[in-house]
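Pasted below: run.cif, mmCIF, C-alpha atoms and all ligand atoms.
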data_my_file
#
loop_
_atom_site.group_PDB
_atom_site.id
_atom_site.type_symbol
_atom_site.label_atom_id
_atom_site.label_comp_id
_atom_site.auth_asym_id
_atom_site.auth_seq_id
_atom_site.Cartn_x
_atom_site.Cartn_y
_atom_site.Cartn_z
ATOM 1 C CA MET A 1 2.883 2.522 -27.003
ATOM 2 C CA VAL A 2 1.526 4.732 -24.273
ATOM 3 C CA GLN A 3 0.138 2.684 -21.439
ATOM 4 C CA LEU A 4 -3.306 3.833 -20.373
ATOM 5 C CA TRP A 5 -4.874 3.194 -17.033
ATOM 6 C CA PHE A 6 -8.434 3.181 -15.913
ATOM 7 C CA LEU A 7 -9.461 3.902 -12.392
ATOM 8 C CA PRO A 8 -12.192 2.289 -10.287
ATOM 9 C CA ASN A 9 -15.539 4.102 -10.160
ATOM 10 C CA ILE A 10 -17.536 4.715 -6.959
ATOM 11 C CA GLU A 11 -18.818 1.139 -6.882
ATOM 12 C CA GLY A 12 -15.349 -0.238 -7.538
ATOM 13 C CA LYS A 13 -13.875 1.894 -4.795
ATOM 14 C CA LEU A 14 -16.460 0.643 -2.314
ATOM 15 C CA GLN A 15 -15.497 -2.920 -3.198
ATOM 16 C CA LEU A 16 -11.857 -2.099 -2.489
ATOM 17 C CA MET A 17 -12.722 -0.202 0.678
ATOM 18 C CA THR A 18 -14.098 -3.028 2.743
ATOM 19 C CA ASP A 19 -15.482 -2.696 6.248
ATOM 20 C CA PRO A 20 -13.704 -4.034 8.224
ATOM 21 C CA PRO A 21 -10.631 -3.284 6.081
ATOM 22 C CA GLU A 22 -8.641 -6.010 4.342
ATOM 23 C CA CYS A 23 -4.908 -5.569 3.822
ATOM 24 C CA PHE A 24 -3.247 -6.029 0.424
ATOM 25 C CA CYS A 25 -2.915 -9.757 1.230
ATOM 26 C CA GLY A 26 -6.727 -9.949 1.096
ATOM 27 C CA LYS A 27 -7.044 -10.811 4.792
ATOM 28 C CA SER A 28 -8.595 -8.960 7.734
ATOM 29 C CA ALA A 29 -6.268 -6.085 8.526
ATOM 30 C CA PHE A 30 -4.782 -5.836 12.002
ATOM 31 C CA ARG A 31 -6.550 -3.200 14.099
ATOM 32 C CA THR A 32 -4.685 -1.199 16.730
ATOM 33 C CA ASP A 33 -5.502 1.867 18.767
ATOM 34 C CA GLY A 34 -2.455 4.133 18.690
ATOM 35 C CA TYR A 35 -1.759 7.754 19.417
ATOM 36 C CA LEU A 36 -3.290 8.837 16.076
ATOM 37 C CA GLY A 37 -6.478 6.883 16.706
ATOM 38 C CA VAL A 38 -7.408 3.483 15.333
ATOM 39 C CA SER A 39 -5.366 2.281 12.379
ATOM 40 C CA TYR A 40 -5.219 -0.952 10.403
ATOM 41 C CA ASP A 41 -2.078 -2.640 9.118
ATOM 42 C CA CYS A 42 -1.192 -5.943 7.429
ATOM 43 C CA HIS A 43 -2.768 -8.970 9.118
ATOM 44 C CA GLU A 44 0.705 -10.491 9.401
ATOM 45 C CA PHE A 45 1.529 -8.054 12.199
ATOM 46 C CA GLN A 46 -0.437 -10.432 14.424
ATOM 47 C CA ASN A 47 1.951 -13.222 13.634
ATOM 48 C CA GLN A 48 5.161 -12.860 15.598
ATOM 49 C CA ASP A 49 6.899 -15.413 13.396
ATOM 50 C CA ALA A 50 6.018 -13.634 10.161
ATOM 51 C CA GLU A 51 9.025 -12.274 8.312
ATOM 52 C CA HIS A 52 7.085 -10.165 5.856
ATOM 53 C CA VAL A 53 4.110 -7.827 5.762
ATOM 54 C CA CYS A 54 2.353 -5.904 3.040
ATOM 55 C CA ASP A 55 2.378 -2.130 3.279
ATOM 56 C CA PHE A 56 -1.302 -1.610 3.981
ATOM 57 C CA HIS A 57 -1.870 1.155 6.521
ATOM 58 C CA ILE A 58 -5.077 3.133 6.931
ATOM 59 C CA HIS A 59 -6.703 5.334 9.554
ATOM 60 C CA GLU A 60 -10.147 4.192 10.617
ATOM 61 C CA HIS A 61 -11.691 7.638 11.046
ATOM 62 C CA ALA A 62 -10.881 8.707 7.471
ATOM 63 C CA TRP A 63 -11.655 5.244 6.080
ATOM 64 C CA HIS A 64 -15.193 5.414 7.494
ATOM 65 C CA GLN A 65 -15.590 8.974 6.292
ATOM 66 C CA PHE A 66 -14.587 7.989 2.746
ATOM 67 C CA ARG A 67 -16.917 4.987 2.830
ATOM 68 C CA ARG A 68 -19.868 7.115 3.949
ATOM 69 C CA GLN A 69 -19.131 9.509 1.128
ATOM 70 C CA LEU A 70 -18.997 6.705 -1.467
ATOM 71 C CA LEU A 71 -22.176 5.137 -0.083
ATOM 72 C CA SER A 72 -23.937 8.463 -0.696
ATOM 73 C CA CYS A 73 -22.689 8.263 -4.323
ATOM 74 C CA LYS A 74 -20.138 11.022 -3.959
ATOM 75 C CA ASP A 75 -16.680 10.178 -5.195
ATOM 76 C CA VAL A 76 -13.724 10.523 -2.862
ATOM 77 C CA ASN A 77 -11.130 13.173 -3.552
ATOM 78 C CA GLN A 78 -7.519 12.055 -3.865
ATOM 79 C CA ASN A 79 -6.511 15.460 -2.437
ATOM 80 C CA ASP A 80 -8.578 15.015 0.714
ATOM 81 C CA PRO A 81 -6.582 16.615 3.575
ATOM 82 C CA GLU A 82 -6.999 13.415 5.652
ATOM 83 C CA LEU A 83 -4.408 11.869 3.337
ATOM 84 C CA ASN A 84 -1.914 14.526 4.306
ATOM 85 C CA VAL A 85 -2.008 13.416 7.957
ATOM 86 C CA CYS A 86 0.116 10.302 7.491
ATOM 87 C CA PRO A 87 2.395 9.601 4.492
ATOM 88 C CA PHE A 88 2.009 5.824 5.021
ATOM 89 C CA PHE A 89 -1.767 6.128 4.831
ATOM 90 C CA ASN A 90 -1.402 8.248 1.702
ATOM 91 C CA TYR A 91 0.860 5.605 0.179
ATOM 92 C CA ALA A 92 -1.618 2.789 0.894
ATOM 93 C CA TYR A 93 -4.536 4.861 -0.397
ATOM 94 C CA CYS A 94 -2.751 5.719 -3.668
ATOM 95 C CA ILE A 95 -1.712 2.081 -4.139
ATOM 96 C CA LEU A 96 -5.240 0.851 -3.408
ATOM 97 C CA PHE A 97 -6.959 3.133 -5.923
ATOM 98 C CA GLY A 98 -4.113 3.780 -8.352
ATOM 99 C CA CYS A 99 -4.490 7.510 -7.800
ATOM 100 C CA ALA A 100 -1.897 10.236 -7.352
ATOM 101 C CA ASN A 101 -1.591 13.418 -5.332
ATOM 102 C CA ASP A 102 1.127 15.788 -4.180
ATOM 103 C CA TYR A 103 1.106 14.672 -0.546
ATOM 104 C CA PRO A 104 4.168 12.811 0.713
ATOM 105 C CA LYS A 105 4.151 9.014 0.462
ATOM 106 C CA LYS A 106 6.196 6.755 2.659
ATOM 107 C CA PHE A 107 6.620 2.999 2.727
ATOM 108 C CA LEU A 108 8.505 0.473 4.800
ATOM 109 C CA ALA A 109 12.108 -0.404 3.896
ATOM 110 C CA ALA A 110 12.005 -1.133 0.172
ATOM 111 C CA PRO A 111 13.136 -4.543 -1.098
ATOM 112 C CA THR A 112 16.356 -4.787 -3.078
ATOM 113 C CA CYS A 113 16.612 -5.476 -6.788
ATOM 114 C CA HIS A 114 19.068 -7.768 -8.613
ATOM 115 C CA CYS A 115 21.805 -5.133 -8.145
ATOM 116 C CA HIS A 116 21.260 -5.183 -4.363
ATOM 117 C CA LEU A 117 20.061 -1.599 -4.458
ATOM 118 C CA SER A 118 16.962 -0.342 -2.676
ATOM 119 C CA ALA A 119 14.143 -0.415 -5.188
ATOM 120 C CA THR A 120 12.381 2.859 -5.971
ATOM 121 C CA LEU A 121 8.656 3.419 -6.229
ATOM 122 C CA VAL A 122 7.617 4.241 -9.777
ATOM 123 C CA GLY A 123 4.162 5.604 -10.503
ATOM 124 C CA LEU A 124 2.933 5.674 -14.067
ATOM 125 C CA THR A 125 1.205 8.868 -14.991
ATOM 126 C CA ASP A 126 -1.029 8.204 -17.982
ATOM 127 C CA VAL A 127 -4.455 7.616 -16.567
ATOM 128 C CA ARG A 128 -7.838 7.277 -18.182
ATOM 129 C CA SER A 129 -10.774 7.859 -15.885
ATOM 130 C CA THR A 130 -13.129 5.786 -17.983
ATOM 131 C CA HIS A 131 -12.740 2.499 -19.760
ATOM 132 C CA LYS A 132 -14.392 2.405 -23.170
ATOM 133 C CA GLU A 133 -15.597 -0.984 -24.379
ATOM 134 C CA GLU A 134 -14.443 -0.427 -27.954
ATOM 135 C CA GLU A 135 -10.840 0.126 -26.913
ATOM 136 C CA ARG A 136 -8.635 -2.887 -26.817
ATOM 137 C CA GLU A 137 -8.292 -4.422 -23.388
ATOM 138 C CA GLU A 138 -4.569 -5.031 -23.791
ATOM 139 C CA ASP A 139 -3.911 -1.322 -24.214
ATOM 140 C CA TYR A 140 -4.930 -0.809 -20.635
ATOM 141 C CA GLY A 141 -3.324 -1.387 -17.327
ATOM 142 C CA TYR A 142 -5.243 -1.937 -14.168
ATOM 143 C CA TRP A 143 -5.076 0.612 -11.390
ATOM 144 C CA HIS A 144 -3.468 -1.839 -9.008
ATOM 145 C CA GLU A 145 -0.522 -2.122 -11.385
ATOM 146 C CA ARG A 146 0.030 1.596 -11.622
ATOM 147 C CA TYR A 147 2.694 1.672 -8.936
ATOM 148 C CA ALA A 148 5.674 -0.635 -8.971
ATOM 149 C CA PHE A 149 8.992 -0.984 -7.231
ATOM 150 C CA LYS A 150 11.796 -1.025 -9.754
ATOM 151 C CA CYS A 151 15.560 -0.993 -9.867
ATOM 152 C CA PRO A 152 16.782 2.601 -9.359
ATOM 153 C CA HIS A 153 18.525 2.227 -12.735
ATOM 154 C CA HIS A 154 15.399 1.084 -14.566
ATOM 155 C CA ASN A 155 15.519 4.202 -16.743
ATOM 156 C CA VAL A 156 19.202 3.998 -17.561
ATOM 157 C CA HIS A 157 19.876 3.462 -21.225
ATOM 158 C CA VAL A 158 21.879 0.324 -21.785
ATOM 159 C CA ASP A 159 24.228 0.197 -24.711
ATOM 160 C CA ASP A 160 24.311 -3.502 -25.530
ATOM 161 C CA SER A 161 27.247 -3.151 -27.933
ATOM 162 C CA HIS A 162 29.489 -2.199 -25.031
ATOM 163 C CA GLY A 163 27.876 -4.576 -22.585
ATOM 164 C CA ALA A 164 29.093 -2.462 -19.713
ATOM 165 C CA ARG A 165 26.015 -3.082 -17.709
ATOM 166 C CA SER A 166 23.145 -5.471 -18.134
ATOM 167 C CA LYS A 167 19.800 -3.887 -17.576
ATOM 168 C CA CYS A 168 18.187 -4.803 -14.307
ATOM 169 C CA THR A 169 14.614 -5.789 -14.961
ATOM 170 C CA TRP A 170 13.644 -6.376 -11.342
ATOM 171 C CA SER A 171 10.111 -5.101 -10.827
ATOM 172 C CA LEU A 172 7.265 -5.773 -8.419
ATOM 173 C CA VAL A 173 3.730 -4.389 -8.410
ATOM 174 C CA ALA A 174 3.598 -2.240 -5.251
ATOM 175 C CA LYS A 175 0.415 -3.860 -3.981
ATOM 176 C CA ASN A 176 2.051 -7.296 -4.120
ATOM 177 C CA THR A 177 5.357 -6.261 -2.603
ATOM 178 C CA ALA A 178 6.427 -7.912 0.645
ATOM 179 C CA PHE A 179 8.326 -5.840 3.189
ATOM 180 C CA THR A 180 10.363 -7.003 6.131
ATOM 181 C CA ARG A 181 8.058 -7.027 9.141
ATOM 182 C CA PRO A 182 9.117 -4.167 11.416
ATOM 183 C CA LYS A 183 9.209 -4.554 15.192
ATOM 184 C CA ARG A 184 6.948 -1.583 15.678
ATOM 185 C CA LEU A 185 3.678 -0.423 14.269
ATOM 186 C CA LEU A 186 3.757 3.111 12.905
ATOM 187 C CA HIS A 187 1.687 4.769 15.597
ATOM 188 C CA SER A 188 2.164 2.360 18.421
ATOM 189 C CA ASN A 189 4.753 1.071 20.817
ATOM 190 C CA ASP A 190 6.653 -2.147 20.474
ATOM 191 C CA ILE A 191 4.389 -4.392 18.432
ATOM 192 C CA ASP A 192 5.332 -7.706 19.960
ATOM 193 C CA THR A 193 4.877 -6.421 23.512
ATOM 194 C CA ASP A 194 1.516 -4.977 22.465
ATOM 195 C CA LEU A 195 0.497 -8.283 20.947
ATOM 196 C CA LEU A 196 1.369 -10.226 24.037
ATOM 197 C CA SER A 197 -0.744 -7.968 26.191
ATOM 198 C CA LEU A 198 -3.600 -8.028 23.680
ATOM 199 C CA ARG A 199 -3.608 -11.794 23.823
ATOM 200 C CA GLY A 200 -3.240 -11.932 27.565
ATOM 201 C CA TRP A 201 0.072 -13.713 27.285
ATOM 202 C CA GLU A 202 1.879 -11.510 29.775
ATOM 203 C CA GLY A 203 2.427 -14.455 32.067
ATOM 204 C CA LEU A 204 4.306 -16.266 29.323
ATOM 205 C CA ILE A 205 6.860 -13.546 28.599
ATOM 206 C CA ASP A 206 10.394 -14.501 29.524
ATOM 207 C CA LYS A 207 11.611 -12.090 32.134
ATOM 208 C CA GLU A 208 14.644 -11.195 30.082
ATOM 209 C CA SER A 209 14.394 -7.446 30.218
ATOM 210 C CA ASP A 210 12.816 -6.368 33.448
ATOM 211 C CA ASP A 211 12.254 -2.646 33.621
HETATM 212 ZN ZN ZN B 301 -1.118 -7.818 4.300
HETATM 213 ZN ZN ZN B 302 -0.760 6.452 9.826
HETATM 214 ZN ZN ZN B 303 18.026 -4.272 -9.986
HETATM 215 ZN ZN ZN B 304 19.627 -2.323 -10.707
#
Produce structure tokens that represent the structure in this file.
Ligand SMILES: [Zn+2]
Ligand SMILES: [Zn+2]
Ligand SMILES: [Zn+2]
Ligand SMILES: [Zn+2]
Amino acid sequence: MVQLWFLPNIEGKLQLMTDPPECFCGKSAFRTDGYLGVSYDCHEFQNQDAEHVCDFHIHEHAWHQFRRQLLSCKDVNQNDPELNVCPFFNYAYCILFGCANDYPKKFLAAPTCHCHLSATLVGLTDVRSTHKEEEREEDYGYWHERYAFKCPHHNVHVDDSHGARSKCTWSLVAKNTAFTRPKRLLHSNDIDTDLLSLRGWEGLIDKESDD
């Protein structure tokens, strides 16, 4: 069976494109002002003890531009050149709306599957732009499930009679995937140092590494 996908319409996109932005965890995204302007990342970047973050990353300028466009009832274009500025932004945008374009996509270090291999991002290509009531609901996937991280061998044919290799079924919907929290934000300096200064905690920093 061919899996079909339906994409959010203008109203649906506006619901996904909140102001202020929410990360894929559904919480207020973490706002920073870096060298590419204001960007928003997973809220867990604020939490120094957090081990994981989601891979939400958007640029405020483009986000507001897209929202204005949607609010004036004009659909956004998945080939908008703003998405070519940052491959992490393009990744988050494509994951958010289940769309695809030819611009590069990048994500944080991918989790590992059962075989201890770095999972690969798989995007399904059959997309329906409209959802017709008379078609059976179960024949459809939702846009947020269009991208998934899977075992790099997910396409390998497994010959059960020889049992040489058991198929690795490890799979995670990209939007729900947790990544190891990096020490740095993409367009900023050391995140934990930034956080301390943002919170006015400078006085509490251990003077371990005086510069
Ligand atoms: Zn998050
Ligand atoms: Zn960026
Ligand atoms: Zn695997
Ligand atoms: Zn595998």
Got a sec to resolve the PyMOL selection byres (((not hetatm)) within 12 of (chain B and resi 301)) on this structure and send the residues as a PDB file with C-alpha atoms, in the coordinates of the input?
ATOM      1  CA  PRO A  21     -10.631  -3.284   6.081  1.00  0.00           C
ATOM      2  CA  GLU A  22      -8.641  -6.010   4.342  1.00  0.00           C
ATOM      3  CA  CYS A  23      -4.908  -5.569   3.822  1.00  0.00           C
ATOM      4  CA  PHE A  24      -3.247  -6.029   0.424  1.00  0.00           C
ATOM      5  CA  CYS A  25      -2.915  -9.757   1.230  1.00  0.00           C
ATOM      6  CA  GLY A  26      -6.727  -9.949   1.096  1.00  0.00           C
ATOM      7  CA  LYS A  27      -7.044 -10.811   4.792  1.00  0.00           C
ATOM      8  CA  SER A  28      -8.595  -8.960   7.734  1.00  0.00           C
ATOM      9  CA  ALA A  29      -6.268  -6.085   8.526  1.00  0.00           C
ATOM     10  CA  PHE A  30      -4.782  -5.836  12.002  1.00  0.00           C
ATOM     11  CA  TYR A  40      -5.219  -0.952  10.403  1.00  0.00           C
ATOM     12  CA  ASP A  41      -2.078  -2.640   9.118  1.00  0.00           C
ATOM     13  CA  CYS A  42      -1.192  -5.943   7.429  1.00  0.00           C
ATOM     14  CA  HIS A  43      -2.768  -8.970   9.118  1.00  0.00           C
ATOM     15  CA  GLU A  44       0.705 -10.491   9.401  1.00  0.00           C
ATOM     16  CA  PHE A  45       1.529  -8.054  12.199  1.00  0.00           C
ATOM     17  CA  GLN A  46      -0.437 -10.432  14.424  1.00  0.00           C
ATOM     18  CA  ASN A  47       1.951 -13.222  13.634  1.00  0.00           C
ATOM     19  CA  ALA A  50       6.018 -13.634  10.161  1.00  0.00           C
ATOM     20  CA  GLU A  51       9.025 -12.274   8.312  1.00  0.00           C
ATOM     21  CA  HIS A  52       7.085 -10.165   5.856  1.00  0.00           C
ATOM     22  CA  VAL A  53       4.110  -7.827   5.762  1.00  0.00           C
ATOM     23  CA  CYS A  54       2.353  -5.904   3.040  1.00  0.00           C
ATOM     24  CA  ASP A  55       2.378  -2.130   3.279  1.00  0.00           C
ATOM     25  CA  PHE A  56      -1.302  -1.610   3.981  1.00  0.00           C
ATOM     26  CA  HIS A  57      -1.870   1.155   6.521  1.00  0.00           C
ATOM     27  CA  ILE A  58      -5.077   3.133   6.931  1.00  0.00           C
ATOM     28  CA  ALA A  92      -1.618   2.789   0.894  1.00  0.00           C
ATOM     29  CA  LYS A 175       0.415  -3.860  -3.981  1.00  0.00           C
ATOM     30  CA  ASN A 176       2.051  -7.296  -4.120  1.00  0.00           C
ATOM     31  CA  THR A 177       5.357  -6.261  -2.603  1.00  0.00           C
ATOM     32  CA  ALA A 178       6.427  -7.912   0.645  1.00  0.00           C
ATOM     33  CA  PHE A 179       8.326  -5.840   3.189  1.00  0.00           C
ATOM     34  CA  THR A 180      10.363  -7.003   6.131  1.00  0.00           C
ATOM     35  CA  ARG A 181       8.058  -7.027   9.141  1.00  0.00           C
TER      36      ARG A 181
END
Counting only C-alpha atoms and all ligand atoms, what are the residues, protein, DNA or RNA alike, that approach ligand ZN 303 (chain B) to within 9 Å? I want them as an MDAnalysis selection string. chainID A and resid 112:119 150:154 167:171
So which residues touch Leu121 of chain A within 10 Å, counting all atoms listed in the file, skipping near sequence neighbours fewer than 6 positions away, as an mmCIF file with C-alpha atoms, in the frame of the given file?
data_model
loop_
_atom_site.group_PDB
_atom_site.id
_atom_site.type_symbol
_atom_site.label_atom_id
_atom_site.label_comp_id
_atom_site.auth_asym_id
_atom_site.auth_seq_id
_atom_site.Cartn_x
_atom_site.Cartn_y
_atom_site.Cartn_z
ATOM 1 C CA LYS A 105 4.151 9.014 0.462
ATOM 2 C CA LYS A 106 6.196 6.755 2.659
ATOM 3 C CA PHE A 107 6.620 2.999 2.727
ATOM 4 C CA ALA A 110 12.005 -1.133 0.172
ATOM 5 C CA TYR A 147 2.694 1.672 -8.936
ATOM 6 C CA ALA A 148 5.674 -0.635 -8.971
ATOM 7 C CA PHE A 149 8.992 -0.984 -7.231
ATOM 8 C CA LYS A 150 11.796 -1.025 -9.754
ATOM 9 C CA CYS A 151 15.560 -0.993 -9.867
ATOM 10 C CA PRO A 152 16.782 2.601 -9.359
ATOM 11 C CA SER A 171 10.111 -5.101 -10.827
ATOM 12 C CA LEU A 172 7.265 -5.773 -8.419
ATOM 13 C CA VAL A 173 3.730 -4.389 -8.410
ATOM 14 C CA ALA A 174 3.598 -2.240 -5.251
#
Translate the PyMOL selection byres (((chain A and resi 99) around 9) and not hetatm) into a concrete residue list for this structure, as an MDAnalysis selection string. chainID A and resid 7 78 93:98 100:101 127 143 146
Target residues per the PyMOL selection byres (((not hetatm)) within 6 of (chain B and resi 302)), formatted as a list in words: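 For this structure, the PyMOL selection byres (((not hetatm)) within 6 of (chain B and resi 302)) captures Cys86, Phe88 and Phe89 of chain A.
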Minimum-distance residue to Lys74 of chain A, chosen among A:Asp19, A:Glu11, A:Glu145, A:Asp49 (using only C-alpha atoms): A:Glu11
Find the distance between atom CA of Tyr35 of chain A and atom CA of Asp102 of chain A and write it in Å to one decimal.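 Computing the Euclidean distance for atom CA of Tyr35 of chain A and atom CA of Asp102 of chain A yields 25.1 Å.
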Find the distance between atom CA of Leu36 of chain A and atom CA of Ser72 of chain A and write it in Å to one decimal.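 Taking atom CA of Leu36 of chain A and atom CA of Ser72 of chain A, their separation equals 26.6 Å.
Taking atom CA of Pro182 of chain A and atom CA of Pro104 of chain A as the two end points, the separation is 20.7 Å.
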Non-local contacts of Gly37 of chain A (8 Å; all atoms listed in the file; under 4 positions in same chain excluded) as a ChimeraX atom specification: /A:33,59-61
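The residue that comes closest to ligand ZN 304 (chain B), out of A:Pro111, A:Gly34, A:Val85, A:Lys183 and on the basis of all atoms listed in the file, is A:Pro111.
Residue nearest Val38 of chain A within the list A:Ala62, A:Leu70, A:Val122, A:Leu16: A:Ala62 [criterion: smallest interatomic distance, only C-alpha atoms].
Residue nearest ligand ZN 304 (chain B), chosen from A:Asn155, A:Ser188, A:Gln15, A:Gln65 and counting only C-alpha atoms and all ligand atoms: A:Asn155.
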